[in-house]
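Dumped my_file-v7.txt below, it's compact mmCIF, N, CA and C atoms:
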# COMPACT_ATOMS: atom_id res chain seq x y z
N MET W 1 104.25 178.97 106.86
CA MET W 1 103.55 178.67 105.64
C MET W 1 102.60 177.51 105.87
N ALA W 2 101.42 177.62 105.36
CA ALA W 2 100.42 176.57 105.51
C ALA W 2 100.76 175.39 104.62
N ALA W 3 100.18 174.24 104.93
CA ALA W 3 100.40 173.05 104.12
C ALA W 3 99.89 173.25 102.70
N ALA W 4 98.73 173.80 102.58
CA ALA W 4 98.17 174.14 101.26
C ALA W 4 97.64 175.56 101.37
N GLU W 5 98.42 176.50 100.88
CA GLU W 5 98.06 177.90 101.02
C GLU W 5 96.87 178.25 100.15
N GLY W 6 96.35 179.45 100.35
CA GLY W 6 95.23 179.93 99.57
C GLY W 6 95.50 179.86 98.08
N ALA W 7 94.46 179.69 97.34
CA ALA W 7 94.59 179.53 95.90
C ALA W 7 94.55 180.88 95.20
N THR W 8 95.28 180.95 94.09
CA THR W 8 95.24 182.11 93.20
C THR W 8 94.48 181.70 91.96
N MET W 9 93.39 182.41 91.66
CA MET W 9 92.55 182.02 90.53
C MET W 9 92.76 182.96 89.35
N ASP W 10 92.77 182.38 88.14
CA ASP W 10 92.95 183.16 86.92
C ASP W 10 92.17 182.50 85.79
N GLY W 11 91.01 183.04 85.46
CA GLY W 11 90.20 182.47 84.38
C GLY W 11 89.70 181.08 84.73
N ASN W 12 90.21 180.08 84.00
CA ASN W 12 89.79 178.70 84.24
C ASN W 12 90.87 177.89 84.94
N ALA W 13 91.85 178.58 85.56
CA ALA W 13 92.94 177.89 86.26
C ALA W 13 93.08 178.42 87.68
N VAL W 14 93.57 177.55 88.53
CA VAL W 14 93.83 177.92 89.92
C VAL W 14 95.22 177.41 90.29
N SER W 15 95.96 178.21 91.05
CA SER W 15 97.30 177.83 91.50
C SER W 15 97.26 177.64 93.01
N ILE W 16 97.75 176.50 93.46
CA ILE W 16 97.76 176.19 94.89
C ILE W 16 99.20 175.87 95.28
N ARG W 17 99.71 176.56 96.30
CA ARG W 17 101.07 176.29 96.78
C ARG W 17 101.00 175.26 97.89
N ILE W 18 101.83 174.21 97.75
CA ILE W 18 101.84 173.11 98.71
C ILE W 18 103.22 173.05 99.37
N ASP W 19 103.23 172.88 100.68
CA ASP W 19 104.46 172.70 101.44
C ASP W 19 104.83 171.22 101.42
N LEU W 20 105.93 170.90 100.76
CA LEU W 20 106.34 169.50 100.60
C LEU W 20 106.82 168.86 101.90
N ARG W 21 107.02 169.65 102.94
CA ARG W 21 107.35 169.06 104.24
C ARG W 21 106.11 168.45 104.88
N VAL W 22 104.94 168.89 104.44
CA VAL W 22 103.67 168.37 104.97
C VAL W 22 103.12 167.28 104.06
N TYR W 23 103.11 167.55 102.75
CA TYR W 23 102.60 166.61 101.76
C TYR W 23 103.71 166.29 100.76
N PRO W 24 104.29 165.09 100.82
CA PRO W 24 105.34 164.72 99.86
C PRO W 24 104.82 164.81 98.42
N LEU W 25 105.73 165.00 97.48
CA LEU W 25 105.36 165.17 96.08
C LEU W 25 104.52 164.00 95.57
N GLU W 26 104.82 162.78 95.98
CA GLU W 26 104.05 161.61 95.53
C GLU W 26 102.59 161.73 95.97
N VAL W 27 102.36 162.25 97.17
CA VAL W 27 101.01 162.44 97.68
C VAL W 27 100.29 163.51 96.87
N VAL W 28 101.00 164.60 96.55
CA VAL W 28 100.42 165.68 95.76
C VAL W 28 100.03 165.15 94.38
N GLN W 29 100.90 164.35 93.78
CA GLN W 29 100.61 163.79 92.46
C GLN W 29 99.42 162.83 92.51
N ARG W 30 99.34 162.01 93.53
CA ARG W 30 98.19 161.10 93.66
C ARG W 30 96.89 161.87 93.82
N ALA W 31 96.92 162.92 94.63
CA ALA W 31 95.72 163.73 94.83
C ALA W 31 95.29 164.38 93.52
N ALA W 32 96.24 164.87 92.76
CA ALA W 32 95.91 165.48 91.47
C ALA W 32 95.31 164.43 90.53
N PHE W 33 95.90 163.26 90.51
CA PHE W 33 95.38 162.20 89.64
C PHE W 33 93.93 161.89 89.95
N ARG W 34 93.59 161.89 91.23
CA ARG W 34 92.21 161.59 91.63
C ARG W 34 91.23 162.68 91.21
N CYS W 35 91.74 163.85 90.83
CA CYS W 35 90.89 164.97 90.43
C CYS W 35 90.94 165.23 88.92
N THR W 36 91.53 164.33 88.16
CA THR W 36 91.67 164.57 86.72
C THR W 36 90.35 164.53 85.96
N ASP W 37 89.28 164.12 86.61
CA ASP W 37 87.99 164.21 85.94
C ASP W 37 87.52 165.65 85.83
N LEU W 38 88.05 166.54 86.69
CA LEU W 38 87.67 167.95 86.68
C LEU W 38 88.68 168.86 85.99
N ALA W 39 89.95 168.53 86.12
CA ALA W 39 90.99 169.45 85.67
C ALA W 39 92.25 168.70 85.26
N SER W 40 93.11 169.42 84.56
CA SER W 40 94.46 168.90 84.29
C SER W 40 95.40 169.64 85.24
N PHE W 41 96.55 169.03 85.52
CA PHE W 41 97.44 169.56 86.56
C PHE W 41 98.87 169.67 86.06
N ASN W 42 99.52 170.76 86.48
CA ASN W 42 100.94 170.96 86.24
C ASN W 42 101.60 171.29 87.57
N PHE W 43 102.85 170.87 87.71
CA PHE W 43 103.58 171.07 88.95
C PHE W 43 104.86 171.86 88.68
N SER W 44 105.16 172.80 89.57
CA SER W 44 106.41 173.56 89.48
C SER W 44 107.00 173.69 90.87
N ILE W 45 108.24 173.24 91.02
CA ILE W 45 108.93 173.43 92.29
C ILE W 45 109.35 174.89 92.35
N VAL W 46 108.95 175.60 93.42
CA VAL W 46 109.22 177.04 93.49
C VAL W 46 110.18 177.42 94.61
N ALA W 47 110.42 176.54 95.53
CA ALA W 47 111.35 176.80 96.62
C ALA W 47 111.82 175.46 97.15
N ASP W 48 112.68 175.48 98.13
CA ASP W 48 113.21 174.23 98.67
C ASP W 48 112.11 173.28 99.13
N HIS W 49 111.04 173.84 99.67
CA HIS W 49 110.00 173.00 100.26
C HIS W 49 108.60 173.26 99.70
N ASP W 50 108.51 173.91 98.56
CA ASP W 50 107.20 174.25 98.02
C ASP W 50 107.04 173.80 96.58
N VAL W 51 105.80 173.49 96.22
CA VAL W 51 105.45 173.19 94.84
C VAL W 51 104.16 173.95 94.53
N ASP W 52 104.13 174.57 93.35
CA ASP W 52 102.90 175.19 92.87
C ASP W 52 102.18 174.18 92.00
N VAL W 53 100.93 173.96 92.31
CA VAL W 53 100.08 173.07 91.53
C VAL W 53 99.11 173.96 90.76
N ILE W 54 99.16 173.89 89.44
CA ILE W 54 98.25 174.65 88.59
C ILE W 54 97.19 173.68 88.09
N ALA W 55 95.95 173.93 88.47
CA ALA W 55 94.82 173.11 88.02
C ALA W 55 94.04 173.91 87.00
N THR W 56 93.93 173.38 85.80
CA THR W 56 93.17 174.02 84.74
C THR W 56 91.91 173.20 84.49
N VAL W 57 90.76 173.83 84.71
CA VAL W 57 89.48 173.13 84.56
C VAL W 57 89.30 172.73 83.10
N LYS W 58 88.85 171.51 82.90
CA LYS W 58 88.61 171.01 81.54
C LYS W 58 87.49 171.82 80.90
N PRO W 59 87.63 172.12 79.60
CA PRO W 59 86.63 172.97 78.94
C PRO W 59 85.23 172.37 78.91
N THR W 60 85.13 171.07 79.02
CA THR W 60 83.81 170.41 78.97
C THR W 60 83.15 170.33 80.34
N ILE W 61 83.83 170.80 81.37
CA ILE W 61 83.32 170.71 82.74
C ILE W 61 82.86 172.09 83.21
N SER W 62 81.71 172.14 83.84
CA SER W 62 81.20 173.38 84.42
C SER W 62 81.29 173.26 85.94
N VAL W 63 82.38 173.77 86.47
CA VAL W 63 82.61 173.69 87.91
C VAL W 63 83.36 174.94 88.36
N ALA W 64 83.05 175.41 89.55
CA ALA W 64 83.73 176.58 90.10
C ALA W 64 85.15 176.22 90.51
N LEU W 65 86.06 177.18 90.33
CA LEU W 65 87.46 176.93 90.70
C LEU W 65 87.59 176.62 92.19
N GLY W 66 86.76 177.24 93.01
CA GLY W 66 86.80 176.95 94.44
C GLY W 66 86.45 175.51 94.75
N GLU W 67 85.57 174.95 93.95
CA GLU W 67 85.20 173.54 94.13
C GLU W 67 86.37 172.62 93.76
N VAL W 68 87.07 172.96 92.69
CA VAL W 68 88.26 172.19 92.30
C VAL W 68 89.30 172.24 93.41
N THR W 69 89.51 173.44 93.94
CA THR W 69 90.49 173.61 95.03
C THR W 69 90.09 172.80 96.25
N ALA W 70 88.84 172.87 96.64
CA ALA W 70 88.37 172.13 97.82
C ALA W 70 88.52 170.63 97.62
N ARG W 71 88.15 170.14 96.46
CA ARG W 71 88.27 168.70 96.21
C ARG W 71 89.73 168.27 96.23
N PHE W 72 90.60 169.06 95.61
CA PHE W 72 92.03 168.74 95.59
C PHE W 72 92.59 168.71 97.01
N GLN W 73 92.23 169.68 97.82
CA GLN W 73 92.74 169.72 99.20
C GLN W 73 92.21 168.54 100.02
N ASN W 74 90.97 168.14 99.81
CA ASN W 74 90.45 166.95 100.48
C ASN W 74 91.19 165.70 100.03
N GLU W 75 91.50 165.63 98.74
CA GLU W 75 92.27 164.49 98.21
C GLU W 75 93.68 164.47 98.79
N LEU W 76 94.28 165.65 98.99
CA LEU W 76 95.60 165.70 99.62
C LEU W 76 95.57 165.01 100.98
N LEU W 77 94.59 165.37 101.78
CA LEU W 77 94.45 164.77 103.10
C LEU W 77 94.22 163.27 103.00
N ASP W 78 93.33 162.86 102.11
CA ASP W 78 93.03 161.44 101.94
C ASP W 78 94.27 160.65 101.54
N GLN W 79 95.01 161.16 100.57
CA GLN W 79 96.19 160.45 100.08
C GLN W 79 97.30 160.42 101.13
N LYS W 80 97.43 161.49 101.92
CA LYS W 80 98.42 161.52 103.00
C LYS W 80 98.07 160.47 104.05
N LEU W 81 96.80 160.37 104.41
CA LEU W 81 96.39 159.37 105.40
C LEU W 81 96.58 157.95 104.86
N ARG W 82 96.31 157.74 103.58
CA ARG W 82 96.54 156.43 102.97
C ARG W 82 98.02 156.06 103.04
N GLN W 83 98.89 157.04 102.77
CA GLN W 83 100.33 156.79 102.85
C GLN W 83 100.75 156.46 104.28
N THR W 84 100.19 157.18 105.24
CA THR W 84 100.51 156.93 106.65
C THR W 84 100.10 155.52 107.06
N VAL W 85 98.90 155.11 106.69
CA VAL W 85 98.43 153.76 107.02
C VAL W 85 99.31 152.71 106.34
N ALA W 86 99.66 152.93 105.08
CA ALA W 86 100.53 151.98 104.36
C ALA W 86 101.88 151.87 105.05
N ASP W 87 102.44 153.00 105.46
CA ASP W 87 103.73 152.98 106.15
C ASP W 87 103.64 152.26 107.49
N GLU W 88 102.55 152.49 108.22
CA GLU W 88 102.38 151.88 109.54
C GLU W 88 102.11 150.38 109.48
N THR W 89 101.56 149.90 108.37
CA THR W 89 101.21 148.49 108.28
C THR W 89 102.13 147.70 107.34
N LYS W 90 103.22 148.32 106.92
CA LYS W 90 104.13 147.67 105.96
C LYS W 90 104.65 146.33 106.48
N ASN W 91 105.10 146.28 107.70
CA ASN W 91 105.66 145.04 108.24
C ASN W 91 104.63 143.92 108.27
N GLU W 92 103.42 144.23 108.72
CA GLU W 92 102.37 143.23 108.77
C GLU W 92 102.01 142.74 107.37
N ARG W 93 101.92 143.67 106.43
CA ARG W 93 101.59 143.31 105.04
C ARG W 93 102.68 142.41 104.46
N ASP W 94 103.93 142.74 104.72
CA ASP W 94 105.05 141.93 104.22
C ASP W 94 105.02 140.52 104.83
N LEU W 95 104.70 140.43 106.12
CA LEU W 95 104.61 139.11 106.77
C LEU W 95 103.48 138.27 106.17
N ILE W 96 102.35 138.88 105.94
CA ILE W 96 101.21 138.16 105.35
C ILE W 96 101.57 137.66 103.96
N LEU W 97 102.18 138.52 103.15
CA LEU W 97 102.58 138.11 101.80
C LEU W 97 103.64 137.01 101.84
N ALA W 98 104.61 137.13 102.73
CA ALA W 98 105.64 136.11 102.84
C ALA W 98 105.04 134.77 103.23
N TYR W 99 104.11 134.78 104.16
CA TYR W 99 103.45 133.53 104.57
C TYR W 99 102.64 132.95 103.41
N ALA W 100 101.89 133.80 102.73
CA ALA W 100 101.05 133.33 101.63
C ALA W 100 101.90 132.68 100.53
N PHE W 101 103.03 133.29 100.20
CA PHE W 101 103.85 132.75 99.14
C PHE W 101 104.74 131.60 99.60
N SER W 102 104.93 131.46 100.91
CA SER W 102 105.75 130.35 101.41
C SER W 102 105.04 129.01 101.21
N ASN W 103 103.73 129.03 101.04
CA ASN W 103 102.96 127.80 100.87
C ASN W 103 102.64 127.51 99.41
N THR W 104 103.32 128.17 98.49
CA THR W 104 103.08 127.95 97.06
C THR W 104 104.38 127.58 96.38
N LYS W 105 104.25 126.94 95.23
CA LYS W 105 105.42 126.60 94.44
C LYS W 105 105.52 127.64 93.32
N LEU W 106 106.46 128.56 93.48
CA LEU W 106 106.61 129.63 92.51
C LEU W 106 107.54 129.25 91.36
N LEU W 107 108.38 128.26 91.55
CA LEU W 107 109.39 127.93 90.55
C LEU W 107 109.13 126.61 89.87
N GLY W 108 107.91 126.21 89.70
CA GLY W 108 107.55 125.01 88.95
C GLY W 108 108.33 123.76 89.32
N GLN W 109 108.45 123.46 90.57
CA GLN W 109 109.21 122.30 91.03
C GLN W 109 108.37 121.06 91.02

Structure rendered as structure tokens:
Amino acid sequence: MAAAEGATMDGNAVSIRIDLRVYPLEVVQRAAFRCTDLASFNFSIVADHDVDVIATVKPTISVALGEVTARFQNELLDQKLRQTVADETKNERDLILAYAFSNTKLLGQ
């Protein structure tokens, strides 16, 4: 199964099946949020490792369903890479924050 399988289109909605082993649910939700200017999104878990994302184009927007699908899939990749970078730099970020706060008085002493 592909990470984001082909879309099924119906009127003003498109359904995209996502493999949660490739894109965690949080990443899928972030990608959908970034596309809310074009569509509204619903999620349904359909199998142990899959989620169906239904994107319904907003009535005030004139955009092809294929364009919504392409943008959503690009956002999936972007959000996954952002998560990877955040995970890889967590220790460094924590050290920087710890150092920054070690030189401040947080408890009004």

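You will find atom N of Gln79 (chain W) at 6.3 Å from CA of Ala31 (chain W).
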
Check your understanding: Using all atoms listed in the file, which residue out of W:Leu76, W:Gln83, W:Thr104, W:Asp52 lies closest to Arg30 (chain W)?
Key -> W:Leu76

Review point. Counting only C-alpha atoms, what is within 12 Å of Val63 (chain W), bar same-chain residues fewer than 5 positions away, as a ChimeraX atom specification?
Key: /W:12-13,37-39,56-58,68-71

Practice item. Apply DSSP to the structure's backbone, then extract all residues of region 20-69 of chain W labelled alpha helix (DSSP H) and return them as an NGL selection string. Key: :W and (25-34 or 65-69)

Study note, to complete from the structure: As a check of understanding: the span from CA of Leu20 (chain W) to atom C of Asp50 (chain W) is 5.9 Å

Could you write out as AutoDock Vina command-line options the box around region 36-53 of chain W (axis-aligned, all atoms listed in the file, 5 Å on each side), with centre and edge lengths in Å to one decimal?
--center_x 100.4 --center_y 170.8 --center_z 92.3 --size_x 35.7 --size_y 23.3 --size_z 26.0

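Those residues of region 47-95 of chain W that DSSP, working from the backbone, places in strand (DSSP E or B) are Ala47, Asp50, Val51, Asp52, Val53, Ile54, Ala55, Thr56 and Val57 of chain W.
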
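Compared by their closest atoms to Ala32 (chain W), and using only C-alpha atoms, the residues W:Ile18, W:Ile61, W:Gly11, W:Phe72 rank with W:Phe72 nearest.
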
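In this comparison, which uses only C-alpha atoms, the residue of W:Leu77, W:Leu25, W:Ala100, W:Ala64 approaching Ile45 (chain W) most closely is W:Leu25.
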
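Computed from the coordinates, the CA of Phe43 (chain W) to atom N of Arg82 (chain W) distance equals 21.1 Å.
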